[in-house]
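Colleague: Take a look at the following structure, please.
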Amino acid sequence: MQIRTFHPDDEAAVIELWRRCDLLRPWNDPHQDIQHKMNQKDGLFLVGLVDDEIIATVMAGYDGHRGWLYLVGVDPGHQRHGHARAIVTEMERVLRERGGRKINLQVRDTNQGVIEFYKRIGYSIDPVLSMGKRFT
Ligand SMILES: CC(C)(COP(=O)(O)OP(=O)(O)OC[C@H]1O[C@@H](n2cnc3c(N)ncnc32)[C@H](O)[C@@H]1OP(=O)(O)O)[C@@H](O)C(=O)NCCC(=O)NCCS
């Protein structure tokens with residue numbers, strides 16, 4: 001898999017990948033999410049390609065202290081080949097290079113498969129309660 005930063009021409013393929021990975025949510029407009037990320041100009045949105053086709057994504061946020069992972073997805077037809085491990089590892093490398101010391105992420109506590117995936121690639125469950133407030 002070739003890994004590179006997202007390019008605006010990738011948008012349709014990426015959104016279709018997120019649909020196939022069940023990463024789309026009715027309260028998030030993926031076009032707007034991508035536009036907001038592009039406005040950050042931080043290079044923290046990576047895509048993975050096999051035979052010139054986008055099969056993996058990862059987005060990250062970095063505030064100078066911690067990194068956050070979002071939208072980790074691998075096309076169902078390409079899962080269990082180490083692609084998610086590879087693209088997340090590349091994002092970890094970028095964040096470390098920028099001085100990040102820890103990565104956080106959120107996953108539904110019912111999503112056992114994804115929890116197992118993250119454990120396999122070195123993440124552990126923090127003894128914290130995640131809180132949030134939605135601007136609607
Ligand atoms: C979770 C996801 C990204 C994993 O992608 P993947 O490319 O199949 O993962 P990898 O092949 O890199 O797997 C890395 C390790 O995790 C394990 N793993 C992956 N998915 C797993 C699952 N569902 N259950 C148990 N273990 C799993 C692999 O066996 C592998 O273990 P190993 O290195 O010890 O052999 C993919 O299943 C996906 O896109 N799911 C839908 C989107 C999603 O839920 N994303 C997370 C949002 S929080």
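In the structure tokens, chains take letters A, B, ... by order of appearance, with residues numbered from 1 within each chain and ligands from 1 in the order shown.
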Could you give me, as a list in words, the residues within 6 Å of A:Ala60, counting only C-alpha atoms and dropping anything in the same chain fewer than 6 positions from it?

Modeller: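 My list of contacting residues is Leu44, Trp68, Leu69 and Tyr70 of chain A.
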
Colleague: Tell me, as a short mmCIF file (atom, residue, chain, number, x, y, z; two decimals) with N, CA and C atoms, in the first residue's frame, which residues lie within 12 Å of A:Leu95, counting only C-alpha atoms; anything in the same chain fewer than 2 positions away does not count.

Modeller:
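out12.cif, freshly written:
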```cif
data_model
loop_
_atom_site.label_atom_id
_atom_site.label_comp_id
_atom_site.auth_asym_id
_atom_site.auth_seq_id
_atom_site.Cartn_x
_atom_site.Cartn_y
_atom_site.Cartn_z
N ASP A 42 -2.79 21.16 7.69
CA ASP A 42 -1.82 20.54 8.60
C ASP A 42 -1.24 19.22 8.10
N GLY A 43 -1.75 18.76 6.94
CA GLY A 43 -1.21 17.52 6.37
C GLY A 43 -1.54 16.28 7.17
N LEU A 44 -2.48 16.39 8.10
CA LEU A 44 -2.78 15.24 8.96
C LEU A 44 -4.01 14.46 8.47
N PHE A 45 -4.04 14.22 7.19
CA PHE A 45 -5.11 13.43 6.59
C PHE A 45 -4.42 12.56 5.53
N MET A 59 -7.35 10.24 9.69
CA MET A 59 -7.27 11.68 9.89
C MET A 59 -6.78 11.88 11.33
N ALA A 60 -6.01 12.93 11.56
CA ALA A 60 -5.58 13.21 12.93
C ALA A 60 -5.73 14.69 13.23
N GLY A 61 -5.86 14.97 14.51
CA GLY A 61 -5.81 16.35 14.99
C GLY A 61 -4.61 16.45 15.91
N TYR A 62 -3.99 17.61 15.95
CA TYR A 62 -2.84 17.80 16.84
C TYR A 62 -2.86 19.22 17.37
N ASP A 63 -2.85 19.35 18.70
CA ASP A 63 -2.96 20.67 19.31
C ASP A 63 -1.63 21.12 19.91
N GLY A 64 -0.54 20.43 19.55
CA GLY A 64 0.76 20.79 20.11
C GLY A 64 1.08 19.96 21.34
N HIS A 65 0.13 19.18 21.81
CA HIS A 65 0.33 18.38 23.01
C HIS A 65 0.00 16.93 22.71
N ARG A 66 -1.25 16.70 22.29
CA ARG A 66 -1.69 15.35 22.01
C ARG A 66 -2.27 15.24 20.61
N GLY A 67 -2.15 14.05 20.07
CA GLY A 67 -2.80 13.78 18.79
C GLY A 67 -4.10 13.03 19.02
N TRP A 68 -5.03 13.23 18.13
CA TRP A 68 -6.30 12.49 18.15
C TRP A 68 -6.48 11.80 16.81
N LEU A 69 -6.93 10.58 16.83
CA LEU A 69 -7.16 9.85 15.59
C LEU A 69 -8.64 9.83 15.25
N VAL A 88 -1.94 3.82 10.31
CA VAL A 88 -1.93 4.43 11.66
C VAL A 88 -0.48 4.62 12.12
N THR A 89 0.38 3.65 11.84
CA THR A 89 1.80 3.77 12.22
C THR A 89 2.43 4.97 11.52
N GLU A 90 2.07 5.20 10.26
CA GLU A 90 2.62 6.35 9.55
C GLU A 90 2.12 7.65 10.19
N MET A 91 0.84 7.69 10.57
CA MET A 91 0.33 8.90 11.23
C MET A 91 1.02 9.09 12.59
N GLU A 92 1.27 8.01 13.30
CA GLU A 92 2.00 8.11 14.58
C GLU A 92 3.39 8.72 14.35
N ARG A 93 4.05 8.28 13.26
CA ARG A 93 5.39 8.79 12.96
C ARG A 93 5.34 10.31 12.73
N GLU A 97 7.05 13.16 15.10
CA GLU A 97 8.01 14.09 14.49
C GLU A 97 7.67 15.53 14.86
N ARG A 98 6.37 15.78 15.06
CA ARG A 98 5.95 17.15 15.41
C ARG A 98 5.99 17.41 16.91
N GLY A 99 6.41 16.42 17.68
CA GLY A 99 6.55 16.61 19.13
C GLY A 99 5.43 16.01 19.95
N GLY A 100 4.49 15.34 19.30
CA GLY A 100 3.38 14.73 20.04
C GLY A 100 3.89 13.63 20.97
N ARG A 101 3.28 13.53 22.15
CA ARG A 101 3.73 12.53 23.11
C ARG A 101 2.71 11.43 23.35
N LYS A 102 1.47 11.67 22.91
CA LYS A 102 0.43 10.66 23.15
C LYS A 102 -0.65 10.82 22.10
N ILE A 103 -1.27 9.70 21.77
CA ILE A 103 -2.41 9.76 20.86
C ILE A 103 -3.64 9.27 21.60
N ASN A 104 -4.73 9.98 21.45
CA ASN A 104 -6.01 9.56 22.00
C ASN A 104 -6.97 9.23 20.87
#
```

Colleague: Within stretch 8-136 of chain A, find each residue whose DSSP state, derived from the backbone, is strand (DSSP E), and express the selection as a list in words.

Modeller: Phe45, Leu46, Val47, Gly48, Leu49, Val50, Glu53, Ile54, Ile55, Ala56, Thr57, Val58, Met59, Ala60, Gly61, Tyr62, Arg66, Gly67, Trp68, Leu69, Tyr70, Leu71, Val72, Gly73, Val74, Lys102, Ile103 and Asn104 of chain A

Colleague: May I ask you to write as a ChimeraX atom specification all residues lying at most 8 Å from ligand 1, with only C-alpha atoms and all ligand atoms counted?

Modeller: /A:18,21-23,56,70-76,78-86,105-108,111-121

Colleague: Please identify which residues in chain A DSSP calls alpha helix (DSSP H) from the backbone, and express them as a PyMOL selection string.

Modeller: chain A and resi 11-20+30-40+83-97+112-120

Colleague: Report, in Å with one decimal, the straight-line distance from atom CA of A:Glu53 to atom CA of A:Arg20.

Modeller: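 Calculated distance between atom CA of A:Glu53 and atom CA of A:Arg20 is 13.9 Å.
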
Colleague: Sorted by chain and rising residue number, which residues of stretch 27-108 of chain A lie within 6 Å of stretch 1-16 of chain A, and what are their closest atom pairs and distances in Å to one decimal, counting only C-alpha atoms, as a tab-separated table?

Modeller:
```
residue	atom	partner	partner_atom	distance
A:Phe45	CA	A:Phe6	CA	5.6
A:Leu46	CA	A:Thr5	CA	4.4
A:Val47	CA	A:Arg4	CA	5.7
A:Gly48	CA	A:Ile3	CA	4.4
A:Leu49	CA	A:Gln2	CA	5.1
A:Val50	CA	A:Met1	CA	5.0
```

Colleague: Go ahead and save the picked residues with all heavy atoms, as a PDB file, in the first residue's frame.

Modeller:
```pdb
ATOM      1  N   PHE A  45      -4.044  14.218   7.192  1.00  0.00           N
ATOM      2  CA  PHE A  45      -5.108  13.427   6.594  1.00  0.00           C
ATOM      3  C   PHE A  45      -4.415  12.564   5.535  1.00  0.00           C
ATOM      4  O   PHE A  45      -3.939  13.077   4.514  1.00  0.00           O
ATOM      5  CB  PHE A  45      -6.155  14.369   5.978  1.00  0.00           C
ATOM      6  CG  PHE A  45      -7.386  13.717   5.410  1.00  0.00           C
ATOM      7  CD1 PHE A  45      -7.667  12.374   5.620  1.00  0.00           C
ATOM      8  CD2 PHE A  45      -8.292  14.467   4.673  1.00  0.00           C
ATOM      9  CE1 PHE A  45      -8.812  11.783   5.096  1.00  0.00           C
ATOM     10  CE2 PHE A  45      -9.443  13.895   4.153  1.00  0.00           C
ATOM     11  CZ  PHE A  45      -9.690  12.545   4.360  1.00  0.00           C
ATOM     12  N   LEU A  46      -4.317  11.269   5.829  1.00  0.00           N
ATOM     13  CA  LEU A  46      -3.581  10.360   4.950  1.00  0.00           C
ATOM     14  C   LEU A  46      -4.526   9.378   4.272  1.00  0.00           C
ATOM     15  O   LEU A  46      -5.548   8.973   4.850  1.00  0.00           O
ATOM     16  CB  LEU A  46      -2.549   9.554   5.759  1.00  0.00           C
ATOM     17  CG  LEU A  46      -1.514  10.344   6.549  1.00  0.00           C
ATOM     18  CD1 LEU A  46      -0.577   9.384   7.299  1.00  0.00           C
ATOM     19  CD2 LEU A  46      -0.710  11.264   5.645  1.00  0.00           C
ATOM     20  N   VAL A  47      -4.159   9.016   3.060  1.00  0.00           N
ATOM     21  CA  VAL A  47      -4.896   7.965   2.345  1.00  0.00           C
ATOM     22  C   VAL A  47      -3.906   6.870   1.968  1.00  0.00           C
ATOM     23  O   VAL A  47      -2.711   7.129   1.785  1.00  0.00           O
ATOM     24  CB  VAL A  47      -5.615   8.504   1.084  1.00  0.00           C
ATOM     25  CG1 VAL A  47      -6.688   9.510   1.457  1.00  0.00           C
ATOM     26  CG2 VAL A  47      -4.634   9.111   0.084  1.00  0.00           C
ATOM     27  N   GLY A  48      -4.420   5.643   1.857  1.00  0.00           N
ATOM     28  CA  GLY A  48      -3.599   4.510   1.436  1.00  0.00           C
ATOM     29  C   GLY A  48      -4.147   3.968   0.131  1.00  0.00           C
ATOM     30  O   GLY A  48      -5.366   3.834  -0.038  1.00  0.00           O
ATOM     31  N   LEU A  49      -3.262   3.698  -0.822  1.00  0.00           N
ATOM     32  CA  LEU A  49      -3.688   3.227  -2.150  1.00  0.00           C
ATOM     33  C   LEU A  49      -3.075   1.869  -2.487  1.00  0.00           C
ATOM     34  O   LEU A  49      -1.901   1.622  -2.217  1.00  0.00           O
ATOM     35  CB  LEU A  49      -3.263   4.211  -3.236  1.00  0.00           C
ATOM     36  CG  LEU A  49      -3.891   5.606  -3.163  1.00  0.00           C
ATOM     37  CD1 LEU A  49      -2.982   6.566  -2.433  1.00  0.00           C
ATOM     38  CD2 LEU A  49      -4.172   6.135  -4.551  1.00  0.00           C
ATOM     39  N   VAL A  50      -3.915   1.033  -3.077  1.00  0.00           N
ATOM     40  CA  VAL A  50      -3.461  -0.227  -3.654  1.00  0.00           C
ATOM     41  C   VAL A  50      -3.919  -0.197  -5.112  1.00  0.00           C
ATOM     42  O   VAL A  50      -5.112   0.033  -5.377  1.00  0.00           O
ATOM     43  CB  VAL A  50      -4.054  -1.443  -2.909  1.00  0.00           C
ATOM     44  CG1 VAL A  50      -3.805  -2.728  -3.681  1.00  0.00           C
ATOM     45  CG2 VAL A  50      -3.474  -1.552  -1.502  1.00  0.00           C
TER      46      VAL A  50
END
```
